[in-house]
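These notes concern the structure reproduced below.
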Amino acid sequence: MSTAQTARESVDILIVGGGMVGVALACALAPTGLSIRILEQRDEQPEQLINALPALSEQGFDPRVSALTCASQQLMTHLGAWSAIKHSRACVYTDMTVWDGTGRGEIHFSADELHEPCLGHIVENRVTLAALYGAMQQADNVIFEPGVRIETITPPNPLGERELHLADGRAIQTRLLVAADGAQSRVRSLTGMGATEWDYGHHAIVTTIETEAPHQDTCWQRFTEDGPLALLPLAHPNGRTLSIVWSTSPAHARELMALDDDAFCGALGKAFEHRLGAILRTDKRHVHPLRQRHAQRYVQPGLALVGDAAHTIHPLAGQGVNLGFLDVAALAEVVLDAHERGDAWWSERVLRRYQRMRRADNLQTAAAMEGFRRLFDDLPAPLRLLRSSGMSLVDRMAPVKQHLVLMAMGLRGEVPRLARRPLS
Ligand SMILES: Cc1cc2nc3c(=O)[nH]c(=O)nc-3n(C[C@H](O)[C@H](O)[C@H](O)COP(=O)(O)OP(=O)(O)OC[C@H]3O[C@@H](n4cnc5c(N)ncnc54)[C@H](O)[C@@H]3O)c2cc1C
């Protein structure tokens, strides 16, 4: 298309990707008063999801759920989204039980031990997104555009501005472009931001199930020979409905997907050692191949990557979107501070601070997930014994347990201001 035909628009901040992370970032940056636009490729209007929330109790559960940490809860509260989450379908969990399926090692974490009301909440992704859409609509300076296709992105001009060319012929100029477009980020590849990636050798089966015994507000995780199997409690009045994430070899996942519902419930009950009795029912199953990805850099002048566009990790500790929300809190903190000082908030110097706050922390979590995965790979019998004794030992070591649980709650290390709990 010639330049003369191009309809040219301009915004201060352009966020590509209207998933949980992109929308949270728009809400967090809204207090700057800068013009913010979100471009989303899906066709869905925010109102469709928001309007569906009140009738949620008549519908089945979204197979995609997230264990939201206390830090994420804090960020959602700050953005004005928590009350809608809490009043929809959020299941508080107070305990976590993790055990070695091939030995006798077991660790139990409890909110009581920490004198905390809970360890976190299990929330359907669509509930979190709808609540964030609701918060976004309170901001006059945020525009959400669904059904958008990006074609090209120009390198920054001497003023540091980039231009995005869309499939409908428009061009949008911006000072800060943010990639929040998920694991396969097109913005990351169009701007030449390299990422290191490898296959975990696992596929994750997700679905909703009903068990014979109550879930006891507990997240359950068994490390099997093929990979971790997690059962997460859901907010259903029967107290026996859970979401599962069963990570296993691709071949085993194919076998499990081919089973009919009764046979699948039987296989799941056995893999879970029937800790909650029989599995009575399953919803439709979905499978996700699991890959680890990490961008070599998170920033360039006028460009930042956040959430899954910057990093994807194994879901075994339920940290993916929580890390994305910490990225949001950190990026918003540096941009808000620079904007308030009258500084060039889009400059690489400012954005590098965001990278320093988040990249090492995300890498550390990714390395921990990889370590866990390998630790529970098929080990020779003597090492299995050592692993099992190690787990039981950790269970008796209060400071180590406390460190692990604070990590799981997102409260370890330097927590960005917007995700920090107020001092009591
Ligand atoms: C099986 C499984 C279980 C998980 N469990 C947990 C858990 O318990 N806890 C947890 O914290 N995390 C969990 N995760 C990870 C979590 O789901 C992700 O980290 C999270 O969804 C990332 O959010 P995001 O907004 O960065 O990306 P996405 O959710 O991928 O959103 C990206 C958005 O960008 C849009 N988009 C993509 N490309 C374009 C484009 N070119 N132009 C415009 N828009 C575009 C997409 O349509 C989408 O709306 C799990 C993941 C898996 C696979």
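By convention here, the chains of the structure tokens are called A, B, ... in the order presented, each chain's residues are numbered starting at 1, and ligands are numbered starting at 1 in the order presented.
The shell of residues at most 6 Å from segment 55-71 of chain A, with only C-alpha atoms counted and near chain neighbours (fewer than 3 positions) removed, consists of Ala52, Gln74, Gly120, His121, Ile122, Val123, Glu124, Asn125, Thr207, Gly318, Met409, Gly410 and Ala419 of chain A.
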To check your reading of the model: which residues sit at most 7 Å from ligand 1 when counting only C-alpha atoms and all ligand atoms? Write the answer as number ranges by chain.
A: 16-22, 39-42, 64-68, 148-150, 180-187, 204-206, 245, 288, 290, 306-309, 312, 315, 318-324
Atoms to include: N, CA and C atoms. Write the selected residues as a CSV table (one decimal), in the first residue's frame.
```csv
chain,number,residue,atom,x,y,z
A,16,VAL,N,-0.1,-5.0,22.1
A,16,VAL,CA,-0.6,-6.0,21.2
A,16,VAL,C,-0.8,-7.2,22.0
A,17,GLY,N,-2.1,-7.7,22.0
A,17,GLY,CA,-2.5,-8.8,22.8
A,17,GLY,C,-3.4,-8.4,23.9
A,18,GLY,N,-4.7,-8.8,23.8
A,18,GLY,CA,-5.7,-8.4,24.9
A,18,GLY,C,-6.0,-9.6,25.7
A,19,GLY,N,-5.0,-10.4,26.1
A,19,GLY,CA,-5.2,-11.5,27.1
A,19,GLY,C,-5.1,-10.9,28.5
A,20,MET,N,-5.0,-11.8,29.5
A,20,MET,CA,-5.0,-11.3,30.9
A,20,MET,C,-3.8,-10.3,31.1
A,21,VAL,N,-2.7,-10.6,30.6
A,21,VAL,CA,-1.5,-9.7,30.9
A,21,VAL,C,-1.6,-8.4,30.2
A,22,GLY,N,-2.0,-8.4,28.9
A,22,GLY,CA,-2.1,-7.1,28.1
A,22,GLY,C,-3.1,-6.2,28.7
A,39,LEU,N,-4.6,-3.9,20.9
A,39,LEU,CA,-5.0,-4.6,19.6
A,39,LEU,C,-5.1,-6.1,19.9
A,40,GLU,N,-6.2,-6.7,19.7
A,40,GLU,CA,-6.4,-8.1,19.9
A,40,GLU,C,-6.9,-8.8,18.7
A,41,GLN,N,-6.3,-9.9,18.4
A,41,GLN,CA,-6.7,-10.6,17.1
A,41,GLN,C,-8.0,-11.3,17.2
A,42,ARG,N,-8.4,-11.8,18.4
A,42,ARG,CA,-9.7,-12.4,18.5
A,42,ARG,C,-10.8,-11.4,18.3
A,64,ARG,N,-9.4,-23.8,31.2
A,64,ARG,CA,-8.1,-23.0,31.5
A,64,ARG,C,-8.3,-22.3,32.8
A,65,VAL,N,-7.7,-22.7,33.8
A,65,VAL,CA,-7.8,-22.0,35.1
A,65,VAL,C,-6.3,-21.6,35.6
A,66,SER,N,-6.2,-20.7,36.5
A,66,SER,CA,-4.9,-20.3,37.0
A,66,SER,C,-5.0,-20.3,38.5
A,67,ALA,N,-3.9,-20.7,39.1
A,67,ALA,CA,-3.7,-20.6,40.6
A,67,ALA,C,-3.2,-19.2,40.8
A,68,LEU,N,-4.0,-18.2,41.2
A,68,LEU,CA,-3.5,-16.8,41.4
A,68,LEU,C,-2.9,-16.7,42.7
A,148,VAL,N,-8.1,-7.6,15.1
A,148,VAL,CA,-7.0,-6.8,14.4
A,148,VAL,C,-5.9,-7.8,13.9
A,149,ARG,N,-5.4,-7.6,12.7
A,149,ARG,CA,-4.3,-8.4,12.2
A,149,ARG,C,-3.1,-7.4,11.9
A,150,ILE,N,-1.9,-7.8,12.5
A,150,ILE,CA,-0.7,-7.0,12.3
A,150,ILE,C,0.0,-7.5,11.1
A,180,ALA,N,2.3,-8.3,24.2
A,180,ALA,CA,1.6,-9.1,25.2
A,180,ALA,C,0.8,-10.1,24.5
A,181,ASP,N,1.4,-10.6,23.3
A,181,ASP,CA,0.6,-11.4,22.4
A,181,ASP,C,1.0,-12.9,22.6
A,182,GLY,N,1.3,-13.3,23.8
A,182,GLY,CA,1.4,-14.7,24.1
A,182,GLY,C,2.7,-15.4,23.6
A,183,ALA,N,2.7,-16.7,23.8
A,183,ALA,CA,3.9,-17.5,23.5
A,183,ALA,C,4.4,-17.4,22.1
A,184,GLN,N,3.5,-17.4,21.1
A,184,GLN,CA,3.9,-17.3,19.7
A,184,GLN,C,4.1,-15.9,19.3
A,185,SER,N,4.4,-15.0,20.1
A,185,SER,CA,4.4,-13.5,19.9
A,185,SER,C,4.9,-13.1,18.5
A,186,ARG,N,3.9,-12.5,17.7
A,186,ARG,CA,4.3,-12.0,16.4
A,186,ARG,C,5.1,-10.8,16.5
A,187,VAL,N,4.8,-10.0,17.5
A,187,VAL,CA,5.6,-8.7,17.7
A,187,VAL,C,7.1,-9.1,18.0
A,204,ALA,N,0.2,-31.4,28.2
A,204,ALA,CA,-0.7,-31.3,29.4
A,204,ALA,C,-2.1,-31.5,28.9
A,205,ILE,N,-2.8,-32.4,29.6
A,205,ILE,CA,-4.2,-32.6,29.4
A,205,ILE,C,-4.9,-31.8,30.5
A,206,VAL,N,-5.9,-31.0,30.1
A,206,VAL,CA,-6.6,-30.2,31.0
A,206,VAL,C,-8.1,-30.5,30.9
A,245,VAL,N,-4.5,-30.7,35.6
A,245,VAL,CA,-3.5,-30.5,34.6
A,245,VAL,C,-2.6,-31.7,34.7
A,288,HIS,N,-2.4,-29.6,25.6
A,288,HIS,CA,-1.5,-28.5,25.2
A,288,HIS,C,0.0,-29.0,25.2
A,290,LEU,N,3.8,-28.7,25.8
A,290,LEU,CA,4.5,-27.7,26.7
A,290,LEU,C,5.9,-27.4,26.2
A,306,VAL,N,6.1,-8.6,27.6
A,306,VAL,CA,5.6,-9.0,28.9
A,306,VAL,C,4.9,-10.4,28.8
A,307,GLY,N,4.7,-11.0,29.9
A,307,GLY,CA,3.9,-12.3,30.0
A,307,GLY,C,4.5,-13.3,29.1
A,308,ASP,N,3.6,-14.2,28.6
A,308,ASP,CA,4.1,-15.3,27.8
A,308,ASP,C,4.9,-14.9,26.5
A,309,ALA,N,4.7,-13.7,26.1
A,309,ALA,CA,5.5,-13.2,24.9
A,309,ALA,C,7.0,-13.1,25.3
A,312,THR,N,7.7,-18.6,28.7
A,312,THR,CA,6.7,-19.6,29.0
A,312,THR,C,7.4,-20.7,29.8
A,315,PRO,N,3.7,-25.7,33.5
A,315,PRO,CA,2.7,-25.3,34.5
A,315,PRO,C,2.7,-26.0,35.8
A,318,GLY,N,2.2,-23.8,38.6
A,318,GLY,CA,1.1,-22.8,38.4
A,318,GLY,C,1.6,-21.3,38.5
A,319,GLN,N,2.8,-21.0,37.8
A,319,GLN,CA,3.4,-19.7,38.0
A,319,GLN,C,3.2,-18.8,36.7
A,320,GLY,N,2.9,-19.4,35.6
A,320,GLY,CA,2.9,-18.7,34.3
A,320,GLY,C,2.3,-17.3,34.3
A,321,VAL,N,1.0,-17.2,34.5
A,321,VAL,CA,0.4,-15.9,34.4
A,321,VAL,C,0.8,-15.0,35.7
A,322,ASN,N,1.1,-15.6,36.7
A,322,ASN,CA,1.6,-14.9,37.9
A,322,ASN,C,2.9,-14.1,37.6
A,323,LEU,N,3.8,-14.8,36.9
A,323,LEU,CA,5.0,-14.1,36.5
A,323,LEU,C,4.6,-12.9,35.5
A,324,GLY,N,3.7,-13.2,34.6
A,324,GLY,CA,3.2,-12.2,33.7
A,324,GLY,C,2.7,-11.0,34.5
```
Nearest residue to Glu116 of chain A out of A:Pro158, A:Ala30, A:Glu210, A:Leu406, using only C-alpha atoms?
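Comparing A:Pro158, A:Ala30, A:Glu210, A:Leu406 against Glu116 of chain A, the winner is A:Leu406.
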Using only C-alpha atoms: which of A:Asp43, A:Asp217, A:Asp100, A:Glu414 has the shortest distance to Ala235 of chain A
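Closest candidate: A:Asp217.
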From the DSSP assignment of the backbone, select every residue of segment 71-261 of chain A that is strand (DSSP E or B), and format the answer as number ranges by chain.
A: 90-93, 95-100, 106-110, 120-124, 142-145, 150-153, 162-166, 170-179, 195-211, 218-223, 228-233, 241-248
